[in-house]
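Structure file protein_3.pdb with PDB, C-alpha atoms, pLDDT in the B column:
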```
ATOM      1  CA  MET H 927      59.353  93.036 134.521  1.00 44.00           C
ATOM      2  CA  VAL H 928      56.383  95.330 134.082  1.00 45.00           C
ATOM      3  CA  SER H 929      53.023  94.013 135.105  1.00 60.00           C
ATOM      4  CA  THR H 930      51.679  93.998 131.540  1.00 68.00           C
ATOM      5  CA  GLU H 931      54.557  91.784 130.391  1.00 74.00           C
ATOM      6  CA  TYR H 932      53.903  89.474 133.328  1.00 68.00           C
ATOM      7  CA  GLU H 933      50.207  89.359 132.487  1.00 69.00           C
ATOM      8  CA  ARG H 934      50.989  88.596 128.829  1.00 74.00           C
ATOM      9  CA  LYS H 935      53.184  85.674 129.831  1.00 76.00           C
ATOM     10  CA  ILE H 936      50.590  84.327 132.221  1.00 75.00           C
ATOM     11  CA  ALA H 937      47.890  84.593 129.553  1.00 75.00           C
ATOM     12  CA  ALA H 938      50.066  82.561 127.184  1.00 79.00           C
ATOM     13  CA  ARG H 939      50.629  79.882 129.802  1.00 82.00           C
ATOM     14  CA  PHE H 940      46.922  79.781 130.600  1.00 87.00           C
ATOM     15  CA  ALA H 941      46.121  79.391 126.892  1.00 87.00           C
ATOM     16  CA  GLY H 942      48.558  76.481 126.731  1.00 85.00           C
ATOM     17  CA  PHE H 943      46.493  74.596 129.277  1.00 90.00           C
ATOM     18  CA  ASP H 944      43.107  75.727 127.917  1.00 92.00           C
ATOM     19  CA  GLN H 945      43.228  73.251 125.019  1.00 88.00           C
ATOM     20  CA  ASP H 946      39.685  73.944 123.801  1.00 91.00           C
ATOM     21  CA  GLY H 947      39.856  77.734 124.231  1.00 92.00           C
ATOM     22  CA  ASN H 948      36.679  77.971 126.302  1.00 95.00           C
ATOM     23  CA  GLY H 949      38.206  80.320 128.874  1.00 94.00           C
ATOM     24  CA  TYR H 950      38.928  77.895 131.665  1.00 95.00           C
ATOM     25  CA  ILE H 951      41.071  74.860 132.392  1.00 96.00           C
ATOM     26  CA  ASP H 952      39.314  71.645 133.304  1.00 97.00           C
ATOM     27  CA  ARG H 953      39.771  67.885 133.201  1.00 97.00           C
ATOM     28  CA  GLU H 954      38.707  67.845 129.544  1.00 97.00           C
ATOM     29  CA  ASP H 955      41.698  70.000 128.607  1.00 96.00           C
ATOM     30  CA  PHE H 956      44.012  67.401 130.136  1.00 96.00           C
ATOM     31  CA  ASN H 957      42.112  64.618 128.356  1.00 96.00           C
ATOM     32  CA  ALA H 958      42.381  66.507 125.056  1.00 95.00           C
ATOM     33  CA  ALA H 959      46.151  66.851 125.513  1.00 95.00           C
ATOM     34  CA  THR H 960      46.382  63.138 126.239  1.00 97.00           C
ATOM     35  CA  LYS H 961      44.343  62.206 123.167  1.00 97.00           C
ATOM     36  CA  ALA H 962      46.437  64.500 120.967  1.00 97.00           C
ATOM     37  CA  LEU H 963      49.695  62.917 122.174  1.00 97.00           C
ATOM     38  CA  LEU H 964      48.373  59.386 121.742  1.00 98.00           C
ATOM     39  CA  ALA H 965      47.174  60.178 118.221  1.00 98.00           C
ATOM     40  CA  GLU H 966      50.469  61.854 117.263  1.00 98.00           C
ATOM     41  CA  PHE H 967      52.494  58.817 118.287  1.00 98.00           C
ATOM     42  CA  GLY H 968      50.021  56.132 117.222  1.00 97.00           C
ATOM     43  CA  THR H 969      49.564  54.809 120.745  1.00 97.00           C
ATOM     44  CA  THR H 970      46.323  53.295 121.922  1.00 97.00           C
ATOM     45  CA  ALA H 971      44.601  54.471 125.080  1.00 97.00           C
ATOM     46  CA  ARG H 972      44.315  50.919 126.378  1.00 97.00           C
ATOM     47  CA  CYS H 973      47.994  49.981 126.213  1.00 97.00           C
ATOM     48  CA  ASP H 974      50.246  50.455 129.246  1.00 97.00           C
ATOM     49  CA  LYS H 975      51.753  53.696 127.905  1.00 97.00           C
ATOM     50  CA  GLY H 976      48.331  55.080 127.029  1.00 98.00           C
ATOM     51  CA  GLN H 977      46.955  54.229 130.462  1.00 98.00           C
ATOM     52  CA  ALA H 978      49.998  55.789 132.147  1.00 98.00           C
ATOM     53  CA  LEU H 979      49.445  58.972 130.142  1.00 98.00           C
ATOM     54  CA  TYR H 980      45.782  59.198 131.192  1.00 98.00           C
ATOM     55  CA  ILE H 981      46.718  58.506 134.821  1.00 98.00           C
ATOM     56  CA  GLY H 982      49.450  61.169 134.629  1.00 97.00           C
ATOM     57  CA  ALA H 983      47.026  63.670 133.101  1.00 97.00           C
ATOM     58  CA  GLU H 984      44.502  63.019 135.853  1.00 98.00           C
ATOM     59  CA  ALA H 985      47.177  63.457 138.536  1.00 96.00           C
ATOM     60  CA  PHE H 986      48.284  66.702 136.898  1.00 93.00           C
ATOM     61  CA  TRP H 987      44.689  67.945 136.737  1.00 96.00           C
ATOM     62  CA  GLN H 988      44.048  67.020 140.376  1.00 95.00           C
ATOM     63  CA  GLY H 989      47.234  68.794 141.475  1.00 91.00           C
ATOM     64  CA  MET H 990      46.373  71.946 139.539  1.00 88.00           C
ATOM     65  CA  ALA H 991      42.766  71.934 140.721  1.00 93.00           C
ATOM     66  CA  GLY H 992      43.866  71.432 144.309  1.00 90.00           C
ATOM     67  CA  ILE H 993      46.047  74.514 144.120  1.00 85.00           C
ATOM     68  CA  ALA H 994      44.017  76.814 141.907  1.00 87.00           C
ATOM     69  CA  ASP H 995      40.306  75.879 141.850  1.00 92.00           C
ATOM     70  CA  ARG H 996      39.290  78.152 144.711  1.00 90.00           C
ATOM     71  CA  ASP H 997      35.512  77.849 144.238  1.00 93.00           C
ATOM     72  CA  GLY H 998      35.499  74.070 143.763  1.00 94.00           C
ATOM     73  CA  ASP H 999      33.610  74.116 140.457  1.00 97.00           C
ATOM     74  CA  GLN H1000      36.088  71.715 138.797  1.00 96.00           C
ATOM     75  CA  ARG H1001      37.433  74.339 136.428  1.00 96.00           C
ATOM     76  CA  ILE H1002      40.164  76.928 136.711  1.00 95.00           C
ATOM     77  CA  THR H1003      39.507  80.427 135.436  1.00 94.00           C
ATOM     78  CA  ARG H1004      42.337  82.669 134.275  1.00 89.00           C
ATOM     79  CA  GLU H1005      42.084  84.602 137.549  1.00 87.00           C
ATOM     80  CA  GLU H1006      42.280  81.393 139.580  1.00 89.00           C
ATOM     81  CA  PHE H1007      45.233  80.292 137.455  1.00 86.00           C
ATOM     82  CA  VAL H1008      47.114  83.541 138.099  1.00 79.00           C
ATOM     83  CA  ASN H1009      46.204  83.805 141.786  1.00 77.00           C
ATOM     84  CA  GLY H1010      46.411  80.106 142.539  1.00 74.00           C
ATOM     85  CA  ALA H1011      48.726  78.123 140.371  1.00 64.00           C
ATOM     86  CA  VAL H1012      51.180  80.769 139.250  1.00 64.00           C
ATOM     87  CA  LYS H1013      51.533  82.778 142.457  1.00 66.00           C
ATOM     88  CA  ARG H1014      51.633  79.729 144.733  1.00 66.00           C
ATOM     89  CA  LEU H1015      54.053  77.799 142.573  1.00 64.00           C
ATOM     90  CA  ARG H1016      56.435  80.482 141.370  1.00 66.00           C
ATOM     91  CA  ASP H1017      58.254  80.430 144.692  1.00 67.00           C
ATOM     92  CA  ASN H1018      58.322  76.642 144.655  1.00 71.00           C
ATOM     93  CA  PRO H1019      58.967  75.329 141.117  1.00 69.00           C
ATOM     94  CA  GLU H1020      59.815  71.919 142.571  1.00 75.00           C
ATOM     95  CA  ARG H1021      56.180  71.574 143.676  1.00 77.00           C
ATOM     96  CA  PHE H1022      55.035  72.355 140.165  1.00 76.00           C
ATOM     97  CA  ALA H1023      57.456  69.735 138.836  1.00 78.00           C
ATOM     98  CA  GLU H1024      55.996  67.203 141.295  1.00 84.00           C
ATOM     99  CA  ILE H1025      52.500  67.900 140.010  1.00 87.00           C
ATOM    100  CA  ALA H1026      53.516  67.715 136.346  1.00 88.00           C
ATOM    101  CA  ARG H1027      56.027  64.827 136.556  1.00 90.00           C
ATOM    102  CA  PRO H1028      53.622  61.859 136.137  1.00 94.00           C
ATOM    103  CA  PHE H1029      52.163  63.373 132.970  1.00 95.00           C
ATOM    104  CA  LEU H1030      55.523  64.454 131.573  1.00 92.00           C
ATOM    105  CA  ASP H1031      57.120  61.069 132.298  1.00 93.00           C
ATOM    106  CA  ALA H1032      54.255  59.296 130.559  1.00 96.00           C
ATOM    107  CA  ALA H1033      54.369  61.707 127.587  1.00 95.00           C
ATOM    108  CA  LEU H1034      58.080  61.049 127.147  1.00 95.00           C
ATOM    109  CA  ALA H1035      57.481  57.292 127.295  1.00 96.00           C
ATOM    110  CA  VAL H1036      54.820  57.567 124.582  1.00 97.00           C
ATOM    111  CA  ALA H1037      57.185  59.585 122.369  1.00 97.00           C
ATOM    112  CA  ASP H1038      60.291  57.493 123.061  1.00 96.00           C
ATOM    113  CA  GLY H1039      60.390  55.503 119.828  1.00 89.00           C
ATOM    114  CA  ASP H1040      63.422  53.376 120.663  1.00 92.00           C
ATOM    115  CA  GLY H1041      62.696  52.942 124.384  1.00 91.00           C
ATOM    116  CA  ASP H1042      66.040  54.322 125.560  1.00 92.00           C
ATOM    117  CA  GLY H1043      64.560  56.692 128.141  1.00 89.00           C
ATOM    118  CA  SER H1044      65.082  59.851 126.099  1.00 91.00           C
ATOM    119  CA  VAL H1045      63.422  61.516 123.134  1.00 95.00           C
ATOM    120  CA  THR H1046      65.047  62.982 120.076  1.00 95.00           C
ATOM    121  CA  LEU H1047      64.643  66.624 119.164  1.00 93.00           C
ATOM    122  CA  ASP H1048      62.201  65.614 116.424  1.00 94.00           C
ATOM    123  CA  GLU H1049      60.129  63.626 118.919  1.00 95.00           C
ATOM    124  CA  THR H1050      60.209  66.598 121.292  1.00 93.00           C
ATOM    125  CA  VAL H1051      58.939  68.889 118.535  1.00 94.00           C
ATOM    126  CA  ARG H1052      56.135  66.407 117.863  1.00 96.00           C
ATOM    127  CA  ILE H1053      55.152  66.397 121.561  1.00 94.00           C
ATOM    128  CA  LEU H1054      55.066  70.173 121.694  1.00 92.00           C
ATOM    129  CA  LYS H1055      53.118  70.528 118.460  1.00 93.00           C
ATOM    130  CA  ALA H1056      50.578  67.930 119.611  1.00 94.00           C
ATOM    131  CA  LEU H1057      50.082  70.065 122.720  1.00 90.00           C
ATOM    132  CA  GLY H1058      49.335  73.117 120.573  1.00 88.00           C
ATOM    133  CA  VAL H1059      52.727  74.832 120.376  1.00 87.00           C
ATOM    134  CA  PRO H1060      53.265  76.409 116.936  1.00 88.00           C
ATOM    135  CA  GLY H1061      55.912  74.734 114.749  1.00 86.00           C
ATOM    136  CA  ASP H1062      58.654  77.374 114.885  1.00 89.00           C
ATOM    137  CA  THR H1063      58.236  77.835 118.606  1.00 88.00           C
ATOM    138  CA  ALA H1064      58.216  74.064 119.142  1.00 89.00           C
ATOM    139  CA  ALA H1065      61.500  73.671 117.247  1.00 91.00           C
ATOM    140  CA  THR H1066      63.135  76.490 119.211  1.00 91.00           C
ATOM    141  CA  ALA H1067      61.874  75.114 122.513  1.00 88.00           C
ATOM    142  CA  ALA H1068      63.045  71.580 121.677  1.00 90.00           C
ATOM    143  CA  GLY H1069      66.537  72.889 120.969  1.00 90.00           C
ATOM    144  CA  ALA H1070      66.561  74.797 124.243  1.00 88.00           C
ATOM    145  CA  LEU H1071      65.475  71.690 126.153  1.00 89.00           C
ATOM    146  CA  ASP H1072      68.571  69.865 124.910  1.00 87.00           C
ATOM    147  CA  SER H1073      70.744  71.658 127.452  1.00 81.00           C
ATOM    148  CA  ASP H1074      73.851  69.550 126.847  1.00 85.00           C
ATOM    149  CA  ALA H1075      73.457  69.568 123.034  1.00 87.00           C
ATOM    150  CA  ASP H1076      73.573  65.773 122.756  1.00 90.00           C
ATOM    151  CA  GLY H1077      70.545  65.619 120.444  1.00 90.00           C
ATOM    152  CA  VAL H1078      68.162  64.133 123.004  1.00 92.00           C
ATOM    153  CA  VAL H1079      65.873  65.393 125.745  1.00 91.00           C
ATOM    154  CA  THR H1080      65.545  63.497 128.999  1.00 88.00           C
ATOM    155  CA  GLU H1081      63.090  63.620 131.861  1.00 86.00           C
ATOM    156  CA  PRO H1082      65.176  65.952 134.061  1.00 84.00           C
ATOM    157  CA  ASP H1083      65.569  68.380 131.131  1.00 83.00           C
ATOM    158  CA  ILE H1084      61.886  68.616 130.404  1.00 84.00           C
ATOM    159  CA  VAL H1085      60.537  68.591 133.962  1.00 79.00           C
ATOM    160  CA  SER H1086      62.778  71.407 135.166  1.00 77.00           C
ATOM    161  CA  ALA H1087      62.184  73.479 132.015  1.00 80.00           C
ATOM    162  CA  PHE H1088      58.428  72.963 132.302  1.00 75.00           C
ATOM    163  CA  ALA H1089      58.448  74.104 135.913  1.00 70.00           C
ATOM    164  CA  ARG H1090      60.516  77.182 135.056  1.00 70.00           C
ATOM    165  CA  TYR H1091      58.224  78.093 132.137  1.00 70.00           C
ATOM    166  CA  PHE H1092      55.037  77.904 134.189  1.00 63.00           C
ATOM    167  CA  THR H1093      56.356  79.499 137.368  1.00 62.00           C
ATOM    168  CA  VAL H1094      56.860  82.947 135.946  1.00 58.00           C
ATOM    169  CA  PRO H1095      58.452  85.624 138.123  1.00 59.00           C
ATOM    170  CA  GLU H1096      56.494  88.856 138.377  1.00 56.00           C
TER
END
```
Hey, can you dump this file as structure tokens for me?
Amino acid sequence: MVSTEYERKIAARFAGFDQDGNGYIDREDFNAATKALLAEFGTTARCDKGQALYIGAEAFWQGMAGIADRDGDQRITREEFVNGAVKRLRDNPERFAEIARPFLDAALAVADGDGDGSVTLDETVRILKALGVPGDTAATAAGALDSDADGVVTEPDIVSAFARYFTVPE
């Protein structure tokens, strides 16, 4: 892949985390994602699922900051994201999955309307849209996450796909 294509992909991934578009990733971006998911699924912040989502978001933020925030200013610039998170994690997608898992597990629990441990494709689209993914892209991505075409997405599906998406090969 040419460097410009790689850079374009990284910029898109960075933008996915930079919820408020201010040019860096910080704790507030993770809080904004949490609030958006809770609002989308009508879940309160104080209930067990809401608390688990906030705890998962904080763990995700701490993991990302620990890897990428080189200057310790509690925010990750695009350069830090590329040089820290992406380069360090692309050779070890399992580490990225470890960092993301608490948040992703909690997000799936919030979206899991019937409590069966999986989410429907519609619920998956709602998760993705709440996190800022455009509608058409969210629908395509939800379909791709359903790797066995059974109409539902489970934790292993989403965690491994998430790790692959954010650990982009150069």
message: Nearest residue to Ala1064 of chain H out of H:Leu1047, H:Thr960, H:Gly1010, H:Thr1003, using all atoms listed in the file?
response: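 Using all atoms listed in the file, the shortest distance to Ala1064 of chain H belongs to H:Leu1047.
Between atom CA of Arg996 of chain H and atom CA of Tyr980 of chain H the separation is 24.2 Å.
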query: the PyMOL selection byres ((chain H and resi 965-978) around 8) on the file shown: which residues, as a PyMOL selection string?
result: chain H and resi 961-964+979-982+1029+1032+1035-1037+1052-1053+1056
How would the residues just picked look written out with C-alpha atoms as a short mmCIF file (atom, residue, chain, number, x, y, z; two decimals), in the frame of the given file?
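selection33.cif was written with the following content:
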```cif
data_model
loop_
_atom_site.label_atom_id
_atom_site.label_comp_id
_atom_site.auth_asym_id
_atom_site.auth_seq_id
_atom_site.Cartn_x
_atom_site.Cartn_y
_atom_site.Cartn_z
CA LYS H 961 44.34 62.21 123.17
CA ALA H 962 46.44 64.50 120.97
CA LEU H 963 49.70 62.92 122.17
CA LEU H 964 48.37 59.39 121.74
CA LEU H 979 49.44 58.97 130.14
CA TYR H 980 45.78 59.20 131.19
CA ILE H 981 46.72 58.51 134.82
CA GLY H 982 49.45 61.17 134.63
CA PHE H 1029 52.16 63.37 132.97
CA ALA H 1032 54.26 59.30 130.56
CA ALA H 1035 57.48 57.29 127.30
CA VAL H 1036 54.82 57.57 124.58
CA ALA H 1037 57.18 59.58 122.37
CA ARG H 1052 56.14 66.41 117.86
CA ILE H 1053 55.15 66.40 121.56
CA ALA H 1056 50.58 67.93 119.61
#
```
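Atom CA of Phe986 of chain H lies 18.8 Å from atom CA of Gly947 of chain H.
The interatomic distance for the pair atom CA of Ala1089 of chain H and atom CA of Glu1020 of chain H works out to 7.1 Å.
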query: Skipping near chain neighbours, those fewer than 4 positions away, what residues fall within 8 Å of Gly1058 of chain H using all atoms listed in the file, listed as a VMD selection string?
result: chain H and resid 942 945 1054
query: Pick the closest to Leu1057 of chain H from H:Ile1084, H:Ala1033, H:Ile993, H:Arg1004: which is it, counting all atoms listed in the file?
result: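 Among the listed residues, H:Ala1033 lies closest to Leu1057 of chain H.
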task: Check which residues satisfy the PyMOL selection byres ((chain H and resi 1077) around 12) in the file shown, then give them as a ChimeraX atom specification.
output: /H:1044-1050,1068-1076,1078-1080
message: So, with only C-alpha atoms as the atoms that count, which of H:Asp1040, H:Leu1030, H:Ile1002, H:Val1051 lies closest to Ala959 of chain H?
response: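 The answer is H:Leu1030, which sits nearest to Ala959 of chain H.
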message: Measuring between all atoms listed in the file, which one of H:Asn957, H:Gly989, H:Lys935, H:Glu1005 shows the shortest distance to Arg1027 of chain H?
response: H:Gly989
message: Residue by residue, what does the PyMOL selection byres ((chain H and resi 953) around 9) grab here? Present the result as a list in words.
response: Ile951, Asp952, Glu954, Asp955, Phe956, Asn957, Ala958, Ala983, Glu984, Trp987, Gln988, Gln1000 and Arg1001 of chain H
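Among the candidate residues H:Arg939, H:Ala991, H:Asp1031, H:Asn948, the one lying nearest to Glu1081 of chain H is H:Asp1031, with distances computed using all atoms listed in the file.
Restricting the calculation to all atoms listed in the file, the smallest distance between Asp999 of chain H and any of H:Tyr950, H:Asn1018, H:Asp944, H:Val1085 is found for H:Tyr950.
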Taking all atoms of segment 977-981 of chain H that the file lists, what box with edges along x, y and z, padded by 5 Å per side, do you get, with centre and edge lengths in Å to one decimal, as lines of an AutoDock Vina configuration file?
```
center_x = 47.9
center_y = 56.7
center_z = 132.5
size_x = 14.2
size_y = 15.0
size_z = 14.7
```
